[in-house]
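For reference, model-v2.txt is printed below; it contains compact mmCIF, C-alpha atoms and all ligand atoms.
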```txt
# COMPACT_ATOMS: atom_id res chain seq x y z
CA MET L 1 72.74 58.73 9.89
CA LYS L 2 69.69 58.65 12.14
CA ARG L 3 66.52 59.56 10.25
CA PHE L 4 63.30 61.05 11.61
CA LYS L 5 60.32 61.02 9.27
CA ILE L 6 58.26 64.17 9.81
CA ASN L 7 54.73 64.12 8.44
CA PHE L 8 53.02 67.21 7.06
CA SER L 9 49.49 67.44 5.62
CA ASN L 10 50.23 65.86 2.26
CA SER L 11 53.95 65.06 2.27
CA SER L 12 56.76 64.11 4.61
CA THR L 13 60.32 65.27 5.22
CA ASP L 14 63.23 63.13 6.41
CA TYR L 15 65.25 64.94 9.09
CA TYR L 16 68.92 63.96 9.61
CA LEU L 17 69.86 66.16 12.56
CA VAL L 18 73.28 64.59 13.14
CA GLY L 19 74.42 64.34 9.56
CA ASP L 20 77.35 64.73 7.23
CA ILE L 21 77.01 66.11 3.72
CA ALA L 22 79.47 63.40 2.62
CA ASN L 23 76.78 60.84 3.47
CA LEU L 24 74.21 62.40 1.14
CA LYS L 25 75.04 59.79 -1.46
CA LYS L 26 73.51 57.18 0.90
CA ILE L 27 70.12 58.87 0.65
CA ILE L 28 70.04 60.22 -2.89
CA VAL L 29 71.19 59.24 -6.40
CA PHE L 30 73.85 61.84 -7.23
CA LYS L 31 73.53 61.71 -11.00
CA ASP L 32 70.07 63.28 -10.65
CA VAL L 33 71.14 66.04 -8.25
CA VAL L 34 71.79 69.74 -8.84
CA PHE L 35 73.30 71.61 -5.90
CA ILE L 36 72.47 75.27 -5.33
CA THR L 37 74.77 77.17 -3.03
CA ASP L 38 76.32 80.63 -2.71
CA GLU L 39 79.83 82.00 -3.20
CA ASN L 40 80.57 82.09 0.55
CA VAL L 41 79.74 78.44 1.16
CA PHE L 42 81.40 77.42 -2.11
CA ARG L 43 84.63 79.26 -1.27
CA TYR L 44 85.07 77.42 2.05
CA HIS L 45 83.71 74.03 1.01
CA LYS L 46 84.59 73.73 -2.70
CA GLN L 47 85.71 70.10 -2.40
CA LYS L 48 82.23 69.03 -1.25
CA PHE L 49 80.82 69.99 -4.66
CA LYS L 50 83.66 68.56 -6.78
CA GLY L 51 82.36 66.76 -9.86
CA ARG L 52 78.72 67.66 -9.07
CA ASN L 53 76.31 69.83 -11.02
CA THR L 54 76.42 73.01 -8.93
CA ILE L 55 74.86 76.44 -9.34
CA VAL L 56 76.66 79.08 -7.30
CA LEU L 57 74.67 82.22 -6.42
CA LYS L 58 75.89 85.63 -5.32
CA PRO L 59 75.35 85.83 -1.55
CA GLY L 60 72.86 88.17 0.09
CA GLU L 61 69.19 89.02 0.43
CA GLU L 62 69.40 91.47 -2.51
CA PHE L 63 69.77 88.46 -4.82
CA LYS L 64 66.59 86.76 -3.51
CA VAL L 65 64.71 88.11 -6.51
CA GLN L 66 63.07 86.96 -9.72
CA ALA L 67 66.21 87.72 -11.81
CA THR L 68 68.11 85.08 -9.81
CA VAL L 69 65.27 82.59 -10.31
CA ASP L 70 65.45 83.20 -14.08
CA ALA L 71 69.23 82.74 -14.09
CA ILE L 72 68.94 79.45 -12.14
CA ILE L 73 66.27 78.17 -14.54
CA GLU L 74 68.54 78.98 -17.52
CA GLN L 75 71.28 76.93 -15.89
CA LEU L 76 68.93 74.04 -15.12
CA ILE L 77 67.90 73.98 -18.77
CA ALA L 78 71.58 73.98 -19.82
CA MET L 79 72.19 71.05 -17.43
CA GLU L 80 69.19 69.25 -18.95
CA ALA L 81 67.52 69.00 -15.55
CA ASP L 82 64.22 67.13 -15.76
CA ARG L 83 61.42 65.88 -13.52
CA LYS L 84 63.75 63.30 -11.97
CA THR L 85 66.18 66.00 -10.86
CA THR L 86 66.43 66.86 -7.16
CA LEU L 87 67.64 70.34 -6.21
CA ILE L 88 69.69 70.49 -3.03
CA GLY L 89 70.09 73.91 -1.42
CA VAL L 90 73.30 74.11 0.61
CA GLY L 91 73.45 77.43 2.41
CA GLY L 92 71.60 79.94 4.54
CA GLY L 93 68.04 81.21 4.33
CA VAL L 94 68.40 82.92 0.96
CA VAL L 95 69.69 79.73 -0.66
CA THR L 96 67.02 77.52 0.95
CA ASP L 97 64.19 79.96 0.12
CA ILE L 98 65.22 80.31 -3.50
CA THR L 99 65.97 76.58 -3.98
CA GLY L 100 62.54 75.65 -2.63
CA TYR L 101 60.89 78.22 -4.87
CA VAL L 102 62.69 77.19 -8.07
CA ALA L 103 61.97 73.53 -7.31
CA SER L 104 58.28 74.39 -6.83
CA VAL L 105 57.93 76.04 -10.23
CA TYR L 106 60.49 74.32 -12.50
CA MET L 107 58.55 71.86 -14.69
CA ARG L 108 55.62 72.51 -12.30
CA GLY L 109 57.52 71.06 -9.39
CA ILE L 110 60.53 68.82 -8.77
CA LYS L 111 61.98 67.33 -5.57
CA PHE L 112 64.27 69.32 -3.33
CA GLY L 113 66.22 68.98 -0.08
CA PHE L 114 68.24 71.23 2.18
CA VAL L 115 71.59 71.22 3.90
CA PRO L 116 71.25 74.42 5.98
CA THR L 117 74.69 75.84 6.78
CA THR L 118 73.74 78.65 9.19
CA ILE L 119 72.08 78.53 12.60
CA LEU L 120 69.21 80.63 11.23
CA ALA L 121 68.63 78.23 8.36
CA MET L 122 68.89 75.17 10.65
CA VAL L 123 66.37 76.38 13.24
CA ASP L 124 64.09 78.36 10.96
CA ALA L 125 64.49 79.00 7.21
CA SER L 126 64.86 75.36 6.12
CA ILE L 127 61.80 74.26 8.12
CA GLY L 128 58.19 74.75 7.18
CA GLY L 129 58.01 74.72 3.41
CA LYS L 130 57.51 78.44 2.81
CA ASN L 131 59.81 79.54 0.04
CA GLY L 132 59.95 82.53 -2.24
CA ILE L 133 61.50 85.77 -3.25
CA ASP L 134 61.36 89.48 -2.43
CA VAL L 135 59.81 92.09 -4.71
CA GLY L 136 61.44 95.48 -4.13
CA VAL L 137 61.17 96.27 -0.43
CA TYR L 138 58.43 93.65 0.07
CA LYS L 139 59.93 90.57 1.69
CA ASN L 140 58.77 87.11 0.60
CA LEU L 141 55.85 88.60 -1.34
CA VAL L 142 55.92 85.84 -3.95
CA GLY L 143 56.28 82.16 -3.14
CA THR L 144 54.70 78.80 -2.42
CA ILE L 145 54.38 76.39 0.50
CA ARG L 146 55.99 73.07 -0.37
CA GLN L 147 57.97 70.80 1.94
CA PRO L 148 61.51 69.58 1.18
CA SER L 149 62.13 65.82 0.87
CA PHE L 150 64.91 65.99 3.44
CA ILE L 151 66.79 68.33 5.75
CA LEU L 152 70.32 67.39 6.78
CA HIS L 153 72.28 69.21 9.50
CA ASP L 154 76.06 69.04 9.18
CA HIS L 155 77.52 71.04 12.07
CA LYS L 156 80.93 71.23 10.39
CA PHE L 157 79.54 74.12 8.34
CA LEU L 158 79.18 76.14 11.55
CA ASN L 159 82.99 76.15 11.95
CA THR L 160 83.21 78.73 9.16
CA LEU L 161 80.11 80.72 10.21
CA PRO L 162 80.92 84.42 10.74
CA GLU L 163 79.92 86.11 14.01
CA THR L 164 77.23 88.17 12.22
CA GLU L 165 75.53 84.94 11.21
CA TRP L 166 75.62 83.56 14.76
CA ILE L 167 73.86 86.75 15.83
CA ASN L 168 71.26 86.36 13.06
CA GLY L 169 70.47 82.81 14.13
CA PHE L 170 70.05 83.71 17.78
CA ALA L 171 67.39 86.28 16.88
CA GLU L 172 65.11 83.43 15.74
CA ILE L 173 66.07 81.36 18.81
CA VAL L 174 65.08 84.24 21.12
CA LYS L 175 61.84 84.53 19.12
CA HIS L 176 61.04 80.84 19.69
CA ALA L 177 61.72 81.23 23.40
CA CYS L 178 59.50 84.32 23.65
CA ILE L 179 56.47 82.80 21.95
CA LYS L 180 56.61 79.19 23.17
CA ASP L 181 59.36 78.18 25.55
CA ALA L 182 60.00 80.01 28.84
CA ALA L 183 62.59 77.40 29.92
CA LEU L 184 64.55 78.04 26.72
CA PHE L 185 64.35 81.78 27.48
CA ARG L 186 65.88 81.17 30.92
CA GLN L 187 68.63 79.05 29.32
CA LEU L 188 69.44 81.99 27.02
CA GLU L 189 69.49 84.37 30.00
CA GLU L 190 71.82 82.11 31.97
CA ASN L 191 74.25 81.42 29.12
CA SER L 192 76.05 83.42 26.45
CA PHE L 193 77.44 83.04 22.96
CA LYS L 194 80.67 81.72 24.48
CA THR L 195 78.89 78.73 26.06
CA PHE L 196 77.22 77.75 22.82
CA GLN L 197 80.31 78.37 20.69
CA LYS L 198 82.57 76.37 23.01
CA LYS L 199 80.28 73.50 23.98
CA LYS L 200 79.33 71.63 20.83
CA ASP L 201 76.85 69.31 22.59
CA THR L 202 75.04 72.27 24.19
CA LEU L 203 74.82 73.94 20.77
CA ARG L 204 73.54 70.74 19.16
CA ASP L 205 70.85 70.41 21.86
CA LEU L 206 69.87 74.07 21.39
CA ILE L 207 69.56 73.69 17.61
CA GLN L 208 67.58 70.46 17.94
CA ARG L 209 65.23 71.96 20.56
CA ASN L 210 64.50 74.88 18.24
CA THR L 211 64.15 72.64 15.19
CA VAL L 212 61.58 70.52 17.02
CA LEU L 213 59.74 73.60 18.33
CA LYS L 214 59.33 75.13 14.88
CA THR L 215 58.49 71.78 13.26
CA LYS L 216 55.68 71.10 15.77
CA VAL L 217 54.16 74.53 15.18
CA VAL L 218 54.24 74.00 11.40
CA GLN L 219 52.82 70.48 11.67
CA GLY L 220 49.89 71.87 13.65
CA ASP L 221 49.08 74.58 11.11
CA GLU L 222 51.03 74.11 7.88
CA PHE L 223 49.09 76.69 5.88
CA GLU L 224 49.15 79.38 8.57
CA LYS L 225 45.52 79.75 9.50
CA GLY L 226 46.22 80.21 13.22
CA GLU L 227 49.00 79.02 15.57
CA ARG L 228 51.76 79.21 12.91
CA ARG L 229 51.28 82.96 12.82
CA LEU L 230 53.05 83.09 16.20
CA LEU L 231 56.31 82.46 14.33
CA ASN L 232 55.90 85.94 12.86
CA PHE L 233 56.65 87.55 16.23
CA GLY L 234 58.87 90.55 15.44
CA HIS L 235 58.50 89.99 11.71
CA THR L 236 55.74 92.46 10.79
CA LEU L 237 57.74 95.53 11.70
CA GLY L 238 61.00 93.61 11.12
CA HIS L 239 60.26 92.87 7.47
CA ALA L 240 59.16 96.48 6.89
CA LEU L 241 62.54 97.66 8.24
CA GLU L 242 64.76 94.96 6.75
CA ASN L 243 65.10 95.96 3.12
CA GLN L 244 64.43 99.68 3.63
CA TYR L 245 67.26 100.09 6.13
CA GLU L 246 69.55 97.32 4.84
CA LEU L 247 69.48 95.47 8.14
CA SER L 248 70.24 91.78 8.48
CA HIS L 249 67.14 89.64 9.10
CA GLY L 250 68.19 89.03 12.71
CA GLN L 251 68.73 92.73 13.41
CA ALA L 252 65.42 93.66 11.81
CA ILE L 253 63.32 91.13 13.72
CA SER L 254 65.12 91.95 16.93
CA ILE L 255 63.97 95.57 16.62
CA GLY L 256 60.55 94.21 15.60
CA MET L 257 60.38 92.04 18.75
CA THR L 258 61.35 94.98 20.96
CA TYR L 259 58.54 97.16 19.61
CA ALA L 260 56.11 94.21 19.71
CA CYS L 261 56.91 93.91 23.44
CA HIS L 262 56.01 97.58 23.93
CA ILE L 263 52.77 97.14 21.96
CA SER L 264 52.10 94.10 24.17
CA GLU L 265 52.52 96.27 27.28
CA GLN L 266 49.70 98.47 25.98
CA LEU L 267 47.38 95.74 24.74
CA THR L 268 47.99 92.60 26.80
CA GLY L 269 49.53 93.95 30.02
CA PHE L 270 52.88 92.28 29.22
CA LYS L 271 55.44 93.31 31.84
CA GLU L 272 58.74 91.71 30.83
CA THR L 273 60.05 93.90 28.00
CA SER L 274 63.30 94.57 29.84
CA ARG L 275 64.07 90.82 30.07
CA VAL L 276 63.55 90.45 26.31
CA VAL L 277 65.65 93.55 25.56
CA ASN L 278 68.45 92.28 27.84
CA VAL L 279 68.56 88.89 26.14
CA LEU L 280 68.56 90.44 22.65
CA ASN L 281 71.43 92.75 23.65
CA LYS L 282 73.28 89.85 25.26
CA TYR L 283 73.34 88.04 21.90
CA GLY L 284 74.58 91.12 20.04
CA LEU L 285 71.21 92.21 18.64
CA PRO L 286 69.89 95.77 18.31
CA THR L 287 66.65 96.70 20.08
CA TYR L 288 65.71 100.37 19.72
CA ALA L 289 66.17 102.27 16.46
CA SER L 290 65.11 105.55 14.95
CA PHE L 291 63.22 105.08 11.71
CA ASP L 292 60.77 106.99 9.54
CA LYS L 293 57.51 105.74 11.11
CA GLN L 294 55.32 106.83 8.21
CA LYS L 295 57.54 105.31 5.52
CA VAL L 296 57.86 102.06 7.45
CA PHE L 297 54.10 101.92 8.09
CA GLU L 298 53.44 102.22 4.33
CA VAL L 299 55.50 99.04 3.75
CA LEU L 300 54.16 97.30 6.87
CA LYS L 301 50.60 97.65 5.53
CA MET L 302 51.48 95.23 2.71
CA ASP L 303 52.41 92.50 5.19
CA LYS L 304 50.82 89.13 4.39
CA LYS L 305 49.23 89.07 7.84
CA ARG L 306 47.00 92.01 6.96
CA GLU L 307 43.34 91.20 6.42
CA ARG L 308 41.59 94.20 4.85
CA LYS L 309 41.85 97.02 7.41
CA GLU L 310 43.24 94.91 10.24
CA MET L 311 46.60 93.34 10.99
CA ASN L 312 47.11 90.07 12.82
CA TYR L 313 49.92 91.21 15.09
CA ILE L 314 51.88 88.83 17.28
CA LEU L 315 52.20 89.95 20.88
CA LEU L 316 53.28 88.37 24.17
CA SER L 317 51.12 87.94 27.24
CA LYS L 318 54.16 86.63 29.12
CA ILE L 319 57.53 85.17 28.21
CA GLY L 320 56.87 81.82 26.55
CA LYS L 321 53.31 82.75 25.57
CA GLY L 322 52.75 84.45 22.24
CA ILE L 323 49.27 85.51 21.21
CA ILE L 324 47.70 86.64 17.94
CA GLN L 325 45.93 89.98 18.27
CA THR L 326 43.91 91.65 15.56
CA ILE L 327 44.72 95.37 15.53
CA PRO L 328 42.91 97.85 13.24
CA LEU L 329 45.48 99.46 10.91
CA LYS L 330 44.53 102.96 12.11
CA LYS L 331 45.19 101.99 15.72
CA LEU L 332 48.48 100.31 14.81
CA GLU L 333 49.58 103.41 12.93
CA GLN L 334 48.74 105.53 15.98
CA ILE L 335 50.54 103.21 18.45
CA LEU L 336 53.66 103.14 16.26
CA SER L 337 53.69 106.90 15.71
CA GLU L 338 53.49 107.51 19.48
CA MET L 339 56.45 105.24 20.23
CA SER L 340 59.80 106.85 20.82
N1 LIG L 401 60.88 78.26 5.04
C1 LIG L 401 60.56 78.89 6.24
C2 LIG L 401 59.19 78.62 6.70
O1 LIG L 401 58.46 77.86 6.09
O2 LIG L 401 58.78 79.15 7.71
```
Could you render the structure from this file as structure tokens?
Amino acid sequence: MKRFKINFSNSSTDYYLVGDIANLKKIIVFKDVVFITDENVFRYHKQKFKGRNTIVLKPGEEFKVQATVDAIIEQLIAMEADRKTTLIGVGGGVVTDITGYVASVYMRGIKFGFVPTTILAMVDASIGGKNGIDVGVYKNLVGTIRQPSFILHDHKFLNTLPETEWINGFAEIVKHACIKDAALFRQLEENSFKTFQKKKDTLRDLIQRNTVLKTKVVQGDEFEKGERRLLNFGHTLGHALENQYELSHGQAISIGMTYACHISEQLTGFKETSRVVNVLNKYGLPTYASFDKQKVFEVLKMDKKRERKEMNYILLSKIGKGIIQTIPLKKLEQILSEMS
């Protein structure tokens, strides 16, 4: 397997972007490994975990909570996991977030790696080191930033990926295109799900392009003091909607991106909302929604990008160019309440 060593501020991650989970034993000593996965992945790929210490979680964002962390820690204790143990999260974003978080706190920190099994986890959730859990309706309120030792892509997992998960993944791909990559945006406009589902090489190139894009942004600003904030495009409103309205992450940020485009029209002179809306719709994502503005604003105020009475909101000046704009909370509340 070809390895790329990616350096972060005080650690590095080995990327295997054309990998096979069966080859994991070439890069890690299995007797020290505990796999963490969820029931969906386990059901389809049971044989891959045969004879291995494996913790199987219930699937879904509602289980990305402290109670699941406690249950995992109980199982690690029962398995006599120690500081030599490596946790390997095999799954989507919930599995990778929770694996990274448990590994960051168990015995004050043990090694961990990821085999992301969804498009969203490959291009986004597994990259960047942020991990954590939700607290009530507040997404990712508790967590750490700690990089995995390795990330391995095995595209065979995508053969069992449901359509809803394809849609989720493309929301983050559209986001990357909007904030950083106008050529990628055009590629998304010119193609469709069918192209990417049929042409494996085109899909591999798309996933790698997005993996590299996100990795470069994180490398430039690992602890999110500036540029990395761009990756939150669509997420401020999206996160406020996600757990309140039981939307998938992709659906929630898609609505968030749509409204961020309209806010951009007012504040940056952005003129291409309809192109963004068309691409989101093309990949099966929702754009406009009716929601309780006041209730959503109350949750939105707790977003981690708030600094006292201002919010660092991510807007677009044009497609491929995201910008960070500081908006007073009062003004943001007014803009949102006036939107239909
Ligand atoms: N784990 C996702 C991120 O760091 O952005």
For Gly250 (chain L), list every protein, DNA or RNA residue within 10 Å, evaluated using only C-alpha atoms, and leave out those in the same chain fewer than 3 positions away; present the list as JSON, numbers by chain.
-> {"L": [120, 164, 165, 166, 167, 168, 169, 170, 171, 172, 234, 235, 238, 242, 247, 253, 254, 255, 256, 284, 285, 286]}
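Remark: for ligand LIG 401 (chain L), the closest of the candidate residues L:Ser290, L:Thr96, L:Thr268, L:Thr68 is L:Thr96 (distances computed over all atoms listed in the file).
Relative to CA of Val135 (chain L), CA of Gly60 (chain L) is found at 14.4 Å.
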Give me the residues within 10 Å of Val218 (chain L) as a PyMOL selection string, counting all atoms listed in the file and dropping any in the same chain fewer than 5 places off.
-> chain L and resi 8-9+127-129+212-213+223-224+227-229+231
Contacts of Asp70 (chain L) within 12 Å, only C-alpha atoms, excl. fewer than 3 positions in-chain, as number ranges by chain | L: 63-67, 73-77, 98, 101-102, 105-106, 133
Please produce an output containing C-alpha atoms for each residue in the selection, written as a tab-separated table (two decimals), in the frame of the given file.
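Ended up saving to selection-v4.tsv:
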```
chain	number	residue	atom	x	y	z
L	63	PHE	CA	69.77	88.46	-4.82
L	64	LYS	CA	66.59	86.76	-3.51
L	65	VAL	CA	64.71	88.11	-6.51
L	66	GLN	CA	63.07	86.96	-9.72
L	67	ALA	CA	66.21	87.72	-11.81
L	73	ILE	CA	66.27	78.17	-14.54
L	74	GLU	CA	68.54	78.98	-17.52
L	75	GLN	CA	71.28	76.93	-15.89
L	76	LEU	CA	68.93	74.04	-15.12
L	77	ILE	CA	67.90	73.98	-18.77
L	98	ILE	CA	65.22	80.31	-3.50
L	101	TYR	CA	60.89	78.22	-4.87
L	102	VAL	CA	62.69	77.19	-8.07
L	105	VAL	CA	57.93	76.04	-10.23
L	106	TYR	CA	60.49	74.32	-12.50
L	133	ILE	CA	61.50	85.77	-3.25
```
Can you pull out every residue within 9 Å of region 23-30 of chain L, counting all atoms listed in the file, but drop anything in the same chain fewer than 4 positions away, and send it as number ranges by chain?
-> L: 1, 19, 34, 52, 86, 152
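Between CA of Ala177 (chain L) and CA of Arg209 (chain L) lies a distance of 10.3 Å.
The interatomic distance for the pair CA of Lys198 (chain L) and CA of Glu163 (chain L) works out to 13.5 Å.
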All residues 8 Å or closer to region 317-319 of chain L, only C-alpha atoms, same chain fewer than 6 positions away omitted, as a ChimeraX atom specification = /L:177-182,185,264,268-272
Once you add 8 Å to each side, what are the centre and edge lengths of the axis-aligned box holding all listed atoms of ligand LIG 401 (chain L)? One decimal in Å, as AutoDock Vina command-line options, if you can.
```
--center_x 59.7 --center_y 78.5 --center_z 6.4 --size_x 18.4 --size_y 17.3 --size_z 18.7
```
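Proximity of L:Pro148, L:Gly51, L:Gly93, L:Gly109 to Ser248 (chain L), computed with all atoms listed in the file, is greatest for L:Gly93.
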Which residue gives the smallest distance to ligand LIG 401 (chain L) among L:Glu189, L:Glu80, L:Glu338, L:Asp124, with all atoms listed in the file counted?
-> L:Asp124
Residue nearest Tyr15 (chain L) - candidates L:Gln208, L:Leu300, L:Leu161, L:Val95, atoms counted: all atoms listed in the file = L:Gln208
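Nearest residue to His153 (chain L), choosing from L:Val18, L:Leu87, L:Ala260, L:Met79 and counting only C-alpha atoms: L:Val18.
Nearest-residue note for ligand LIG 401 (chain L): choosing from L:Arg43, L:Lys156, L:Lys216, L:Lys84, the minimum distance belongs to L:Lys216, counting all atoms listed in the file.
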Taking N, CA, C and O atoms as the atom set, what does region 261-275 of chain L look like once completed, written as a CSV table (one decimal), keeping the file's coordinate frame?
```csv
chain,number,residue,atom,x,y,z
L,261,CYS,N,57.0,94.0,22.0
L,261,CYS,CA,56.9,93.9,23.4
L,261,CYS,C,56.2,95.2,24.0
L,261,CYS,O,55.4,95.1,24.9
L,262,HIS,N,56.6,96.3,23.4
L,262,HIS,CA,56.0,97.6,23.9
L,262,HIS,C,54.5,97.7,23.5
L,262,HIS,O,53.7,98.1,24.3
L,263,ILE,N,54.2,97.2,22.3
L,263,ILE,CA,52.8,97.1,22.0
L,263,ILE,C,52.0,96.2,22.9
L,263,ILE,O,50.9,96.4,23.3
L,264,SER,N,52.7,95.1,23.2
L,264,SER,CA,52.1,94.1,24.2
L,264,SER,C,51.8,94.8,25.5
L,264,SER,O,50.8,94.5,26.1
L,265,GLU,N,52.7,95.6,26.0
L,265,GLU,CA,52.5,96.3,27.3
L,265,GLU,C,51.2,97.0,27.3
L,265,GLU,O,50.4,97.0,28.2
L,266,GLN,N,50.9,97.7,26.1
L,266,GLN,CA,49.7,98.5,26.0
L,266,GLN,C,48.5,97.6,25.8
L,266,GLN,O,47.4,97.9,26.4
L,267,LEU,N,48.6,96.5,25.1
L,267,LEU,CA,47.4,95.7,24.7
L,267,LEU,C,47.1,94.4,25.5
L,267,LEU,O,46.0,94.0,25.6
L,268,THR,N,48.2,93.9,26.1
L,268,THR,CA,48.0,92.6,26.8
L,268,THR,C,48.4,92.7,28.3
L,268,THR,O,48.3,91.7,29.0
L,269,GLY,N,49.0,93.8,28.6
L,269,GLY,CA,49.5,94.0,30.0
L,269,GLY,C,50.9,93.2,30.2
L,269,GLY,O,51.3,93.0,31.4
L,270,PHE,N,51.6,92.9,29.1
L,270,PHE,CA,52.9,92.3,29.2
L,270,PHE,C,53.8,93.1,30.0
L,270,PHE,O,53.9,94.4,29.9
L,271,LYS,N,54.6,92.5,30.9
L,271,LYS,CA,55.4,93.3,31.8
L,271,LYS,C,56.9,93.0,31.8
L,271,LYS,O,57.7,93.4,32.7
L,272,GLU,N,57.4,92.2,30.8
L,272,GLU,CA,58.7,91.7,30.8
L,272,GLU,C,59.6,92.2,29.7
L,272,GLU,O,60.5,91.5,29.3
L,273,THR,N,59.3,93.4,29.1
L,273,THR,CA,60.0,93.9,28.0
L,273,THR,C,61.5,94.0,28.3
L,273,THR,O,62.4,93.6,27.5
L,274,SER,N,61.9,94.4,29.5
L,274,SER,CA,63.3,94.6,29.8
L,274,SER,C,64.1,93.2,29.8
L,274,SER,O,65.2,93.2,29.4
L,275,ARG,N,63.4,92.1,30.2
L,275,ARG,CA,64.1,90.8,30.1
L,275,ARG,C,64.3,90.5,28.6
L,275,ARG,O,65.4,90.0,28.3
```
